[in-house]
Number of protein chains: 2
Amino acid sequence: MTEQAPTLRDVAAEAGVSAATASRALNGSTRNVSEEKLSRVVQAATKLGYVPNLSAQATATGSTKTVALIVHDIADPYFAAGAIEVAEAAGLTVTMAVTDRSPDRELHIVSTLRGYRPDAIILAGSRIGDNQDTLVEELRAYQDTGGRVALVSQPGLPYGTVAIDNRRAAEDLAIALVTRGYRRFAVLRGPAGLRTSNDRFDGFRAGLTQTGVEVGHAAEADFTEDGGHTAMTDLLRSGLGATDLVFAVNDVMAVGAMRALRDAGLVPGRDLAVAGFDDISAATDVTPALTTVQVPTRTMGVRAMELALSGEDNREVVWLPTNVVLRESTPRVTTNRTP
Amino acid sequence: MTEQAPTLRDVAAEAGVSAATASRALNGSTRNVSEEKLSRVVQAATKLGYVPNLSAQATATGSTKTVALIVHDIADPYFAAGAIEVAEAAGLTVTMAVTDRSPDRELHIVSTLRGYRPDAIILAGSRIGDNQDTLVEELRAYQDTGGRVALVSQPGLPYGTVAIDNRRAAEDLAIALVTRGYRRFAVLRGPAGLRTSNDRFDGFRAGLTQTGVEVGHAAEADFTEDGGHTAMTDLLRSGLGATDLVFAVNDVMAVGAMRALRDAGLVPGRDLAVAGFDDISAATDVTPALTTVQVPTRTMGVRAMELALSGEDNREVVWLPTNVVLRESTPRVTTNRTP
DNA sequence: TTGTATGCGTTATCAC
DNA sequence: GTGATAACGCATACAA
């Protein structure tokens with residue numbers, strides 16, 4: 001029943017040539033083998049259903065034609081899709097691993113994946129913040145042995161990096177909202193210490209300050225939909241005063257906040273405006289559609305992979321543009337509103 | 001700069017033992033090596049930053065400790081998450097590939113991935129049509145050489161399979177909706193030949209028939225949000241008569257349909273009820289929340305992986321339960337409604 | 001317990 | 001062009 005998978009030897013034998021010739025015919029520089037033997041080998045291969053053993057190929061050549069993609073949360077498909085597309089166009093296979101936002105797991109995964117000797121490692125959304133010396137060391141070792149590293153959204157390390165300017169983008173959003181007539185803001189931010197959250201919060205506040213406005217309430221919450229829901233509910237309970245807009249530092253939280261508003265009998269966009277960040281697909285599914293900052297996730301995946309595959313030890317930082325998209329969740333303020 | 005990655009030999013030399021001992025200390029049955037040499041080897045390994053070359057390990061042992069996950073659309077994260085969790089608990093690494101719903105790509109990917117000699121291959125998602133002899137042959141060959149195969153949602157092939165009863169679930173949904181008072185239905189189905197779509201459509205119709213009701217309009221559309229939007233728009237233009245509910249064979253289409261309704265100045269759930277299938281996260285983000293059939297995606301991933309890893313050549317079909325969830329997009333019909 | 005020798009499936013280096 | 005033969009990095013049967 002369970003036979004062995006056919007090897008190159010089997011194919012060679014079947015075709016009546018040496019293993020070396022078979023190898024050349026199937027993978028190597030095709031030009032050095034006679035037309036006749038070539039077709040004999042190919043025929044034998046298909047007849048036996050031969051598929052080259054990539055592991056063996058890898059140990060022999062030293063290259064695996066593989067890229068490791070490490071993400072924190074598998075829930076952003078577009079990034080991965082972009083990266084995969086580029087990799088496959090280059091004839092590389094992508095291995096994905098998910099860290100679940102655990103730095104420990106991340107370290108473990110990087111270490112394990114290194115064992116596959118991938119041509120490149122792409123680390124997305126990692127917060128290689130402060131206590132991550134081990135990870136940095138691991139990456140350095142990997143790079144020293146010829147591996148390529150690309151980072152996504154974590155500028156500051158000596159690797160090719162693609163990033164967006166969270167701070168600036170949030171600033172733009174704040175200004176756009178003030179222009180629309182909003183004056184009293186509350187913010188739902190992520191857990192303390194999370195850089196993305198901090199940058200967006202700081203940027204938003206900076207934008208307001210420029211226009212002479214200040215953030216009123218600010219609540220910390222999980223980076224999740226439930227986090228947004230809970231924080232919004234608490235905010236409502238504690239009294240919002242004259243707040244006319246809530247900015248959640250990501251769309252997922254914003255959607256949760258909108259749900260909390262409806263649960264409290266309020267209508268998002270009318271009774272209280274809501275804005276988010278990321279422009280995930282839910283942002284347009286939701287009613288009213290969510291004002292947010294569009295982040296080119298897919299392009300980030302593409303550029304990150306390109307960075308990783310670019311021959312050189314490319315350490316440039318690619319800043320990708322973001323875009324404020326104003327939708328119905330933040331209608332233009334024309335009349336007095338009663339919170 | 002680009003040194004070589006340290007090998008087992010290097011570690012052995014550093015520790016002053018043979019390569020065999022180093023191997024045993026690092027991977028093999030740890031108990032057969034003296035405490036002292038063990039620690040010497042471990043120390044040497046960490047000092048050199050040694051990470052075993054998994055490719056070499058694989059060619060030596062014949063096993064890769066790897067599972068290949070093939071999905072049609074990376075957009076369903078939960079399935080993958082479930083599968084990955086199980087695999088990692090078993091010490092296996094998961095390789096993911098995306099087919100983009102192209103049968104050709106699917107075939108190509110299966111063939112390529114076979115080259116990695118994964119312990120198992122999991123194929124998720126429905127396939128278009130039945131001209132897939134080559135794929136079946138490819139899988140058979142893989143299985144003959146000791147590979148495990150598990151399928152998701154396409155019963156009928158001689159492999160372990162996890163599935164849901166689309167037909168029956170749609171039937172349940174139809175009955176529940178009739179019970180809620182709906183009588184005149186339209187259906188947005190997927191492309192012809194797509195089995196999932198057909199099963200859901202047939203089941204829905206069967207459910208209606210049981211209660212003496214018939215499907216009015218039925219439109220074909222892409223399995224996407226835009227597909228749902230377009231089909232719904234067309235339906236509205238062509239006149240819906242007395243239709244009081246639109247069933248889209250998946251949530252993505254349903255969300256698109258809801259958007260189309262709003263674009264036409266109608267209020268989903270009030271002017272026209274909407275139901276979907278899958279219970280994706282958007283189903284609860286949307287307003288009104290979408291009535292749908294809850295599919296245990298994550299569990300499917302878990303069970304599929306378990307099936308694939310279960311020692312035997314397990315060909316059982318695991319049917320997972322679904323659940324009709326009635327939400328505000330299909331309010332109970334109490335009064336006369338004017339379409 | 002430890003080391004030597006051999007094999008895993010390929011590719012690469014030689015000769016021929 | 002083609003075929004022996006030696007690598008690649010690791011695991012294991014066998015000896016010691």
# chains A, B, ... in the order shown; residues from 1 in each chain; ligands from 1

call {"tool": "closest_atom_pairs", "arguments": {"of": "chain C", "to": "chain B", "cutoff": "8 Å", "atoms": "only C-alpha atoms (C1' of nucleotides)", "output": "JSON lines"}}
result
{"residue": "C:DT1", "atom": "C1'", "partner": "B:Val33", "partner_atom": "CA", "distance": 6.1}
{"residue": "C:DT2", "atom": "C1'", "partner": "B:Thr21", "partner_atom": "CA", "distance": 7.0}
{"residue": "C:DG3", "atom": "C1'", "partner": "B:Ser18", "partner_atom": "CA", "distance": 6.4}
{"residue": "C:DG7", "atom": "C1'", "partner": "B:Ala60", "partner_atom": "CA", "distance": 7.9}
{"residue": "C:DC8", "atom": "C1'", "partner": "B:Ala60", "partner_atom": "CA", "distance": 4.5}
{"residue": "C:DG9", "atom": "C1'", "partner": "B:Thr59", "partner_atom": "CA", "distance": 6.8}

call {"tool": "write_last_selection", "arguments": {"atoms": "N, CA and C atoms (P, O5', C5', C4', C3', O3' and C1' of nucleotides)", "output": "CSV table (one decimal), in the first residue's frame"}}
result
chain,number,residue,atom,x,y,z
C,1,DT,P,23.4,5.6,29.5
C,1,DT,O5',24.2,6.6,28.7
C,1,DT,C5',25.2,7.4,29.2
C,1,DT,C4',26.5,7.2,28.5
C,1,DT,C3',26.7,8.2,27.3
C,1,DT,O3',27.9,8.9,27.6
C,1,DT,C1',27.3,5.9,26.7
C,2,DT,P,28.2,10.2,26.8
C,2,DT,O5',28.9,9.6,25.5
C,2,DT,C5',30.2,9.2,25.5
C,2,DT,C4',30.6,8.5,24.3
C,2,DT,C3',30.6,9.4,23.0
C,2,DT,O3',31.9,9.8,22.7
C,2,DT,C1',29.9,7.1,22.6
C,3,DG,P,32.1,10.9,21.5
C,3,DG,O5',32.6,9.9,20.3
C,3,DG,C5',33.7,9.1,20.5
C,3,DG,C4',33.7,8.1,19.3
C,3,DG,C3',33.8,8.7,18.0
C,3,DG,O3',34.9,8.1,17.2
C,3,DG,C1',32.0,7.2,18.0
C,7,DG,P,25.3,2.5,2.7
C,7,DG,O5',23.9,3.4,2.8
C,7,DG,C5',23.0,3.0,3.8
C,7,DG,C4',22.0,4.2,4.0
C,7,DG,C3',21.5,4.8,2.7
C,7,DG,O3',20.1,4.8,2.7
C,7,DG,C1',22.3,6.5,4.1
C,8,DC,P,19.3,5.0,1.3
C,8,DC,O5',18.6,6.4,1.5
C,8,DC,C5',17.7,6.6,2.6
C,8,DC,C4',17.4,8.1,2.7
C,8,DC,C3',17.3,8.8,1.4
C,8,DC,O3',15.9,8.8,1.0
C,8,DC,C1',18.6,10.1,2.9
C,9,DG,P,15.4,8.3,-0.4
C,9,DG,O5',15.6,9.6,-1.3
C,9,DG,C5',14.8,10.8,-1.0
C,9,DG,C4',15.3,12.0,-1.7
C,9,DG,C3',15.4,11.9,-3.2
C,9,DG,O3',14.9,13.1,-3.7
C,9,DG,C1',17.5,12.5,-2.3

call {"tool": "interface_residues", "arguments": {"of": "chain D", "to": "chain A", "cutoff": "9 Å", "atoms": "only C-alpha atoms (C1' of nucleotides)", "output": "PyMOL selection string"}}
result
chain D and resi 1-3+7-9

call {"tool": "interface_residues", "arguments": {"of": "chain A", "to": "chain B", "cutoff": "9 Å", "atoms": "only C-alpha atoms", "output": "PyMOL selection string"}}
result
chain A and resi 1-6+49+51-60+64+73-78+80-81+84+93-98+111-117+138+141-147+255-256+258-259+281-282+285-288

call {"tool": "residues_around", "arguments": {"residues": "DA5 (chain C)", "least_positions_apart": "6", "cutoff": "12 Å", "atoms": "only C-alpha atoms (C1' of nucleotides)", "output": "PyMOL selection string"}}
result
(chain B and resi 20) or (chain D and resi 12-15)

call {"tool": "atom_distance", "arguments": {"atom1": "CA of Thr66 (chain B)", "atom2": "CA of Ser29 (chain A)"}}
result
29.9 Å

call {"tool": "atom_distance", "arguments": {"atom1": "CA of Leu307 (chain A)", "atom2": "CA of Ile121 (chain A)"}}
result
10.8 Å

call {"tool": "select_by_dssp", "arguments": {"residues": "region 249-289 of chain B", "states": "alpha helix (DSSP H)", "output": "VMD selection string"}}
result
chain B and resid 251 to 263 282 to 285

call {"tool": "select_by_dssp", "arguments": {"residues": "region 64-230 of chain B", "states": "strand (DSSP E)", "output": "number ranges by chain"}}
result
B: 66-71, 93-98, 120-124, 148-152, 160-164, 185-189, 215-220

call {"tool": "decode", "arguments": {"residues": "region 265-298 of chain B", "atoms": "N, CA and C atoms", "output": "tab-separated table (two decimals), in the first residue's frame"}}
result
chain	number	residue	atom	x	y	z
B	265	GLY	N	-32.47	53.60	-1.46
B	265	GLY	CA	-33.35	54.34	-0.56
B	265	GLY	C	-34.24	53.45	0.29
B	266	LEU	N	-33.95	52.15	0.28
B	266	LEU	CA	-34.76	51.25	1.10
B	266	LEU	C	-34.03	50.91	2.39
B	267	VAL	N	-34.77	50.49	3.38
B	267	VAL	CA	-34.16	50.10	4.65
B	267	VAL	C	-34.22	48.58	4.81
B	268	PRO	N	-33.05	47.94	4.80
B	268	PRO	CA	-33.02	46.48	4.96
B	268	PRO	C	-33.68	46.08	6.27
B	269	GLY	N	-34.47	45.05	6.24
B	269	GLY	CA	-35.13	44.59	7.45
B	269	GLY	C	-36.50	45.21	7.62
B	270	ARG	N	-36.66	46.42	7.13
B	270	ARG	CA	-37.97	47.03	7.24
B	270	ARG	C	-38.71	46.95	5.91
B	271	ASP	N	-38.06	47.49	4.86
B	271	ASP	CA	-38.71	47.45	3.55
B	271	ASP	C	-38.56	46.08	2.89
B	272	LEU	N	-37.48	45.46	3.18
B	272	LEU	CA	-37.22	44.14	2.61
B	272	LEU	C	-36.28	43.39	3.55
B	273	ALA	N	-36.68	42.19	3.93
B	273	ALA	CA	-35.85	41.41	4.83
B	273	ALA	C	-34.71	40.76	4.05
B	274	VAL	N	-33.61	40.48	4.75
B	274	VAL	CA	-32.44	39.88	4.11
B	274	VAL	C	-31.91	38.76	4.99
B	275	ALA	N	-31.53	37.67	4.38
B	275	ALA	CA	-30.88	36.59	5.12
B	275	ALA	C	-29.66	36.11	4.36
B	276	GLY	N	-28.69	35.61	5.09
B	276	GLY	CA	-27.46	35.15	4.46
B	276	GLY	C	-27.11	33.74	4.92
B	277	PHE	N	-25.83	33.43	4.83
B	277	PHE	CA	-25.37	32.09	5.20
B	277	PHE	C	-23.89	32.17	5.49
B	278	ASP	N	-23.48	31.71	6.65
B	278	ASP	CA	-22.07	31.61	7.07
B	278	ASP	C	-21.82	32.20	8.45
B	279	ASP	N	-22.53	33.29	8.74
B	279	ASP	CA	-22.28	34.03	9.97
B	279	ASP	C	-20.85	34.50	10.10
B	280	ILE	N	-20.41	35.23	9.10
B	280	ILE	CA	-19.10	35.89	9.19
B	280	ILE	C	-19.21	37.06	10.15
B	281	SER	N	-18.08	37.63	10.52
B	281	SER	CA	-18.14	38.67	11.55
B	281	SER	C	-18.94	39.88	11.08
B	282	ALA	N	-18.91	40.15	9.79
B	282	ALA	CA	-19.66	41.30	9.29
B	282	ALA	C	-21.14	41.15	9.54
B	283	ALA	N	-21.61	39.93	9.70
B	283	ALA	CA	-23.04	39.70	9.88
B	283	ALA	C	-23.57	40.40	11.12
B	284	THR	N	-22.72	40.54	12.12
B	284	THR	CA	-23.16	41.23	13.33
B	284	THR	C	-22.72	42.69	13.35
B	285	ASP	N	-21.80	43.04	12.47
B	285	ASP	CA	-21.37	44.43	12.42
B	285	ASP	C	-22.40	45.29	11.70
B	286	VAL	N	-23.06	44.66	10.79
B	286	VAL	CA	-23.98	45.33	9.88
B	286	VAL	C	-25.27	45.74	10.61
B	287	THR	N	-25.95	46.75	10.08
B	287	THR	CA	-27.23	47.16	10.66
B	287	THR	C	-28.31	47.09	9.60
B	288	PRO	N	-29.40	46.42	9.82
B	288	PRO	CA	-29.63	45.57	10.99
B	288	PRO	C	-28.77	44.30	10.92
B	289	ALA	N	-28.51	43.73	12.08
B	289	ALA	CA	-27.73	42.50	12.12
B	289	ALA	C	-28.39	41.44	11.25
B	290	LEU	N	-27.55	40.65	10.61
B	290	LEU	CA	-28.02	39.75	9.56
B	290	LEU	C	-28.44	38.38	10.07
B	291	THR	N	-29.64	38.01	9.70
B	291	THR	CA	-30.09	36.63	9.93
B	291	THR	C	-29.30	35.71	9.01
B	292	THR	N	-28.84	34.59	9.56
B	292	THR	CA	-27.95	33.75	8.77
B	292	THR	C	-27.84	32.35	9.35
B	293	VAL	N	-27.02	31.54	8.75
B	293	VAL	CA	-26.76	30.21	9.28
B	293	VAL	C	-25.33	30.19	9.80
B	294	GLN	N	-25.22	29.87	11.05
B	294	GLN	CA	-23.91	29.89	11.68
B	294	GLN	C	-23.13	28.63	11.32
B	295	VAL	N	-21.96	28.84	10.75
B	295	VAL	CA	-21.11	27.72	10.35
B	295	VAL	C	-19.89	27.70	11.26
B	296	PRO	N	-19.59	26.59	11.86
B	296	PRO	CA	-18.49	26.54	12.83
B	296	PRO	C	-17.13	26.45	12.16
B	297	THR	N	-16.75	27.55	11.50
B	297	THR	CA	-15.53	27.55	10.70
B	297	THR	C	-14.30	27.10	11.48
B	298	ARG	N	-14.16	27.68	12.65
B	298	ARG	CA	-12.98	27.37	13.41
B	298	ARG	C	-12.91	25.88	13.75
